[in-house]
Amino acid sequence: MFPTAADNSSILTIDVGILLGLLVMARLLEPLRASHRILFGATTAALLAVYTLWRWNDTLPPFELSAQSLWPRLFIAFESLAILYTLISIVILFRSTDRTAQADASQQLLASENRSPAVDIFICTYDEPLEILERSILSALALDYADATVWVLDDTRRDWLREYCDRVGARHLTRPDNKGAKAGNLNNGLIATARVTNAPVILVLDADFAPRQDFLKRTIGLLLSDPEVAIVQTPQFYYNADPIQHNLLAEKSWVDDQRFFFDIFQPAKDAWGCAFCVGTSFVVRRDRLNEISGFPDQAVSEDINLTYTMLAHGYRTVWLNEPLSFGLSAEGIPEYVTQRARWCLGTIQVALLRNGPLFGRGFRFTERWHYLHGVLNWLSKPFMVLLLIAPTIYWFGGLPAFEADYHSFLRYGMPALLAQIVYMSWISRARTLPLFMEATHAVTCFAVTATLFTAIFKPFGRPFKITDKGGDRSAPRVQWKLAAIFGLIAASSAASIIWEFISPYAADEISSLDFFNLLWAAIAMLIAFIAFLVCFEVPRSSHMFETDELVWLADEGKILSCRLLAISPSSVRLVGGAGETLELAGWRYKIHLEGLGWIDVSMVSRSGHTVLARLEPSAEQHQRLVVRLFSASQDNIAGVASLRGALAGLLRRGFIGV
């Protein structure tokens, strides 16, 4: 049905022409314009559709009850889910919205009317250490807002935290048990505060998220401007690299996988009226919560459940795409994997609820297929597992995932692959990279697949698993189970390539099908190898924010100018004013920081021209420094991807071991 070009040169000419056309489109079209998004998206979707038709018609063996027939059909089933997810994503990305101007107008209106509705700030905590918690508590207390009360909802009932809250001016709430996990904790706060402040607006923060000082001024006007709006959600930004960025030495060149979702996808879903709550850094109306009987607790993802419960009652979530809070990304691979598996389980649980978006009443068709799109995101993850193991199954088991030669794939598969890569880079505004994005998905694909499998038999009743944050991470760690999985995949893929050339049973000429699977094995080997490297976790030191500002040192009666290169609540890194070595007479001195005054410091070490020193601030100075550092973006993490930088980090990890 789908003829193959007569020779390699014809196929390559077609592919090169398509690639050039895609690159020209990416150069000339503007992703902020709806007509351009539709044009580029439709082009990509058309090439994917052609590929899908070719796969279905020309690459499946005749049906029979045998491994040779069933294995390719299992593969194409999950591949079809991934393609369907991609096609729906393209349609969603036809639209986008930016509510900044609306937030400006709403903020100005409230200011002109001198309105400051009371706000209760809920900080949800479960066993986080003080060094994490104080960032959220102190920043919430420092919000530039007239009437706000900070409530620390402590689900581990710690006396020292109660004492700390009393000392800094926050309220401390506990409950006798942990029923309902985070949703139960929030509902306890909802009931308790109704008897005290009963503020009409509630700001919800996770324990590690510090709000920017103007958070409430930017969001409350938007929340109250439309009676149909129940929630205003803002994106999550992180001041530290996630474990994949960190372990690949790519925090300056590789964008964390959530940036595409927060920066690109949620504004698009908002334009469809289907943006959803993400669990922290959002404001919600108390009266709307009371209408739905509080935060829903039927699923471990109380956030998306909250959004869809509100939708069923005629209220929606809007997305304000501004960096208004900053938190701590998962620091280790186990925490990273646990987090994604919990999101997967929560999405499936909400989908199965009798009053949920797939089976419940009160939902528009658009809201239902948007939720189906979210479910497909997780249902397509097993495809990555199959993608990684298929070459090994072919070479050592003799079972091809689909029967195609490399000529046919170059003709029908390569254009779709090129279109997807170029389109994703264009629509994400350089937030994605091939291979690195696949490796990121690979790290979690086995855990997500296991979660999906167990959810078939027991979707509910499993304990809520939090993402552990904080603690000592100064020693290297190896995640041996994951490393063994990806090491085995990489090694078996490499072995299959080598065996094809040295095997005494190998044919004199490599068949077209063999050549296709050799290329596939090479790609699987690269993805698995990158994921394998991620499993060897690089030590983390105390997080320091990079900067470059002029400061003053007082050293035995002399005032010296120097440059501040990095700072944390406990230490600074300094160099001479012109980049030269600091000539210091002693080991104790004072440093003057803007807005904080003079602070005692003691030298810890020298490295080249730089000096690492320990800060010894007063309690008040420490609190102000924490707010200054953690409630404002420091631009420490990459906002756009750099292939050169990502490859450089990968090479250093893979071959130098740095």
# chains A, B, ... in the order shown; residues from 1 in each chain; ligands from 1
$ select_by_dssp --residues "segment 53-189 of chain A" --states "strand (DSSP E)" --output "number ranges by chain"
A: 119-125, 148-154, 171-173
$ write_last_selection --atoms "C-alpha atoms" --output "PDB file, in the first residue's frame"
ATOM      1  CA  VAL A 119      -6.137  35.452  53.411  1.00  0.00           C
ATOM      2  CA  ASP A 120      -5.325  32.280  55.330  1.00  0.00           C
ATOM      3  CA  ILE A 121      -2.004  30.802  54.198  1.00  0.00           C
ATOM      4  CA  PHE A 122      -1.811  27.021  54.597  1.00  0.00           C
ATOM      5  CA  ILE A 123       1.712  25.544  54.664  1.00  0.00           C
ATOM      6  CA  CYS A 124       1.427  21.763  54.524  1.00  0.00           C
ATOM      7  CA  THR A 125       4.280  19.891  56.197  1.00  0.00           C
ATOM      8  CA  ALA A 148      -2.771  37.495  55.886  1.00  0.00           C
ATOM      9  CA  THR A 149      -2.402  34.813  58.562  1.00  0.00           C
ATOM     10  CA  VAL A 150       0.163  32.034  58.193  1.00  0.00           C
ATOM     11  CA  TRP A 151      -0.987  28.590  59.364  1.00  0.00           C
ATOM     12  CA  VAL A 152       1.558  25.758  59.477  1.00  0.00           C
ATOM     13  CA  LEU A 153      -0.394  22.509  59.089  1.00  0.00           C
ATOM     14  CA  ASP A 154       1.932  20.055  60.819  1.00  0.00           C
ATOM     15  CA  ARG A 171       0.085  29.761  63.748  1.00  0.00           C
ATOM     16  CA  HIS A 172       0.625  26.025  64.280  1.00  0.00           C
ATOM     17  CA  LEU A 173      -2.093  23.431  63.654  1.00  0.00           C
TER      18      LEU A 173
END
$ select_by_dssp --residues "segment 460-630 of chain A" --states "alpha helix (DSSP H)" --output "ChimeraX atom specification"
/A:480-502,512-534,619-630
$ closest_residue --among "A:Val50, A:Ala330, A:Val538, A:Leu418" --to "Asp208 of chain A" --atoms "only C-alpha atoms"
A:Ala330
$ closest_residue --among "A:Trp395, A:Phe262, A:Phe215, A:Tyr423" --to "Pro235 of chain A" --atoms "only C-alpha atoms"
A:Phe262
$ residues_around --residues "Arg540 of chain A" --least-positions-apart "2" --cutoff "7 Å" --atoms "only C-alpha atoms" --output "PyMOL selection string"
chain A and resi 473-474+538+542
$ residues_around --residues "Leu81 of chain A" --least-positions-apart "2" --cutoff "8 Å" --atoms "only C-alpha atoms" --output "list in words"
Ala77, Phe78, Glu79, Ile83, Leu84, Tyr85, Leu376, Leu379 and Ser380 of chain A
